[in-house]
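What follows is a set of notes on a single structure, which appears directly below.
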Amino acid sequence: MSRLGGSGPTPAQPRALRHGSRDAAPPPEPVEHYVDSAGGYQLLLRVAMSRQPDVLGRLTSTFGAHGGSIVNLDIVDVSVTAITRLIRVLCPSQDAARLIATAVAAMPGVELQMASDRTFQLHRRGKIEVQSRLPIRNAADLAQVHHPGSEAVARKIAEHPEVGWRVTSRSNTVAVVTDGSAVLGLGDVGPAAAMPVMEGKAMLFKAFADIDAWPICLDAREPDEIVRIVTALAPSFGAILLEDISSPRCFEVEERLEEALDIPVFHDDQHGTAVVVGAAMLNALRVVGKRPEDVRLVVLGLGAAGMACTQGLMRLGIQDVIGFDREGAIHQAMEGLNRNKQWFADHTNQGQFTGSLEEALRGADIFLGLSGPGLLKPEWVAQMAPDPIVFALANPEPEVLPSEIEGLARVVATGRSDFPNQVNNILCFPGLFRGALDARATRITPEMKAAATRAIADSIPADLLSEEYILPSTFNPAVATAVADAVMQEAQRSGHVRPAGPRILL
């Protein structure tokens, strides 16, 4: 199979293989041909079949026995004894595809060389690549972009470091850094297994904000080591995105990097989620006609995202907050709290409530869950204040399914794309980093995050807001632009920007 790769908003384009490649085969059809209108599951098989007249018929019968049908069949190699074919089979489910692959592997006269699905084919040899912005067509081009031209530019940067932001890729490059300890939906899978997820994040940067991002998956767990490595790598990047680092280490890593570096550092699991939750909450409150200062918020789950979301919502005006972790309601009399939960105890739950989650929800206006599946009972929602707001954001299974509280909650949001009001960080980080890079920002402040929150919320005109439309589409290109503009203006207003350096470069 050929590699699927590329750059820009449509990254999956077929590419030809080198002549004589061991994987040589006709390139696949464009990606959209993999998608069946009925949403079927597509299996790609590469099989070497003995040249007996009944083999293909037996294969077809095997597919049909498990509900599969041939979408496409290509001959990729022919020898005296065998014909090698690339066969795409539409299957009713992934389980059916596995049964088909197992049955084909056991067939006499057939050698199963490869079985894969569309997702794995899209990931083949990775999803990102480096491309030159300038062609090298002759000796003059070579001299300018490499030797001696790059030496002259390097000397100027050594004299005036600010120039580097104008004449290198650093001004548009983000490092996506993880240790693989808290990958969404997977947990601690380690740095190697985190790579496909980080590559996907890099693709989103490029597609939604034209930012070049690169995954940095670290075989390191101690905060000291992570901080040391990222600090050493920082001169190559214009900003750092921390991703999927487990709590509470993520707090220390972010704080120390913010102190050590003069470039933006942003932990998306905390602050990206908080920005989008804040935007959704502003619009949800507008829908139900309540003011932030008048509502009571109950939070379940006080990891990185829960802490950041609470702090963000309090900056928006919500002050009556009760938070729960595995030990119950957080209050000042609790002992052994880490630094972040001690902050929570000191700044929330002013009535020192110590009861259950069910009791806390009686009369509450908002439930915010960043915890686990099935932890919110529909009967508890029924006891909340009129027109309750429920943000059940555990992924992939929320604290309660929207269908379970239909008619009980006025506004419901989840982290899933198959329900209305998906809280998706993609509404935040591309535009936020675009604005920070364009402003030459040295850090991302709480005020810049608040500006991003309001820009997302205001992307929906007031007359279009509804219970099922409190967040704009993730594919609305105006959102990233609005967020970038708001963040850039706030960075410039606050003065957290680096000097431009000399304008004459000779």
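Chain lettering (A, B, ...) mirrors the order of the structure tokens, residue numbering begins at 1 for each chain separately, and ligand numbering begins at 1 in order of display.
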
### Message
Can you pull out every residue from region 32-150 of chain A that DSSP, working from the backbone, puts in helix (DSSP H, G or I), and format the result as a ChimeraX atom specification?
### Response
/A:32-34,55-65,94-105,118-122,139-145,149-150

#### Entry: Neighbour list for Gly289 (chain A) as a PyMOL selection string, cut-off 12 Å, only C-alpha atoms, skip fewer than 3 positions in-chain
chain A and resi 281-286+292+294-295+365+386-389+410-411+465-467

### strand (DSSP E or B) positions in region 368-434 of chain A, given as JSON, numbers by chain
{"A": [368, 369, 389, 390, 391, 392, 406, 409, 411, 412, 413, 414, 422]}

Pull C-alpha atoms from the residues just selected and write them as a CSV table (one decimal), in the first residue's frame.
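Writing the result to again-v5.csv gives the following:
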```csv
chain,number,residue,atom,x,y,z
A,368,LEU,CA,-20.2,19.6,35.8
A,369,GLY,CA,-18.8,16.1,35.5
A,389,ILE,CA,-27.7,22.5,33.2
A,390,VAL,CA,-25.8,19.2,33.0
A,391,PHE,CA,-22.3,19.0,31.5
A,392,ALA,CA,-21.5,15.3,31.6
A,406,GLU,CA,-34.4,14.0,28.6
A,409,ALA,CA,-32.3,18.8,32.2
A,411,VAL,CA,-29.4,22.0,28.6
A,412,VAL,CA,-27.1,19.0,28.3
A,413,ALA,CA,-23.5,18.9,27.0
A,414,THR,CA,-21.1,15.9,26.6
A,422,GLN,CA,-20.0,18.6,22.1
```

## Note on the structure
Counting only C-alpha atoms, closest pick from A:Val47, A:Ile263, A:Met334, A:Val253 relative to Thr445 (chain A) is A:Ile263

### Task
Compare A:Leu357, A:Leu233, A:Leu316, A:Ile504 by their minimum atom-to-atom distance to Lys156 (chain A), counting only C-alpha atoms, and give me the closest one.
A:Ile504

### Query
Using only C-alpha atoms, which residues sit within 9 Å of Leu261 (chain A) once same-chain residues fewer than 2 positions away are excluded, as an MDAnalysis selection string?
chainID A and resid 231 234 256:259 263:265 442:443

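For Ala48 (chain A), the residues within 12 Å (counting only C-alpha atoms, excluding itself and residues fewer than 4 positions away along the chain) are A:Gln52, A:Val55, A:Leu56, A:Leu59, A:Asp74, A:Ile75, A:Val76, A:Asp77, A:Val78, A:Ser79, A:Val80, A:Thr81, A:Ala82, A:Ile83, A:Thr84, A:Arg85, A:Leu86, A:Ile87, A:Val104, A:Ala105, A:Met107, A:Pro108, A:Gly109, A:Val110, A:Glu111, A:Leu112, A:Gln113, A:Met114.
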
Store the residues of this selection in a file with C-alpha atoms, as a PDB file, in the first residue's frame.
```pdb
ATOM      1  CA  GLN A  52      -6.971 -22.640  -9.228  1.00  0.00           C
ATOM      2  CA  VAL A  55     -10.262 -20.053  -5.185  1.00  0.00           C
ATOM      3  CA  LEU A  56     -11.805 -16.636  -5.882  1.00  0.00           C
ATOM      4  CA  LEU A  59     -13.213 -16.333  -1.097  1.00  0.00           C
ATOM      5  CA  ASP A  74      -7.191  -5.354  -7.859  1.00  0.00           C
ATOM      6  CA  ILE A  75      -4.439  -7.649  -9.107  1.00  0.00           C
ATOM      7  CA  VAL A  76      -1.099  -6.455  -7.734  1.00  0.00           C
ATOM      8  CA  ASP A  77       1.219  -9.308  -8.699  1.00  0.00           C
ATOM      9  CA  VAL A  78       1.116 -12.388 -10.904  1.00  0.00           C
ATOM     10  CA  SER A  79       3.452 -15.387 -10.930  1.00  0.00           C
ATOM     11  CA  VAL A  80       3.334 -18.826 -12.446  1.00  0.00           C
ATOM     12  CA  THR A  81       1.813 -20.292  -9.292  1.00  0.00           C
ATOM     13  CA  ALA A  82      -0.171 -17.472  -7.672  1.00  0.00           C
ATOM     14  CA  ILE A  83      -2.091 -14.254  -8.179  1.00  0.00           C
ATOM     15  CA  THR A  84      -1.826 -11.590  -5.470  1.00  0.00           C
ATOM     16  CA  ARG A  85      -4.896  -9.435  -5.056  1.00  0.00           C
ATOM     17  CA  LEU A  86      -5.817  -6.396  -3.024  1.00  0.00           C
ATOM     18  CA  ILE A  87      -9.452  -6.780  -1.968  1.00  0.00           C
ATOM     19  CA  VAL A 104      -9.405 -16.313   4.883  1.00  0.00           C
ATOM     20  CA  ALA A 105      -6.175 -17.075   6.756  1.00  0.00           C
ATOM     21  CA  MET A 107      -8.390 -21.279   3.620  1.00  0.00           C
ATOM     22  CA  PRO A 108      -6.333 -23.788   1.607  1.00  0.00           C
ATOM     23  CA  GLY A 109      -4.673 -22.278  -1.448  1.00  0.00           C
ATOM     24  CA  VAL A 110      -4.746 -18.760   0.051  1.00  0.00           C
ATOM     25  CA  GLU A 111      -1.953 -16.871   1.828  1.00  0.00           C
ATOM     26  CA  LEU A 112      -3.229 -13.893   3.816  1.00  0.00           C
ATOM     27  CA  GLN A 113      -0.427 -11.330   3.592  1.00  0.00           C
ATOM     28  CA  MET A 114      -2.189  -8.389   5.188  1.00  0.00           C
TER      29      MET A 114
END
```

### Message
Nearest residue to Ala97 (chain A) out of A:Leu393, A:Leu44, A:Ala140, A:Ile318, using only C-alpha atoms?
### Response
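Among A:Leu393, A:Leu44, A:Ala140, A:Ile318, it is A:Leu44 that comes nearest to Ala97 (chain A).
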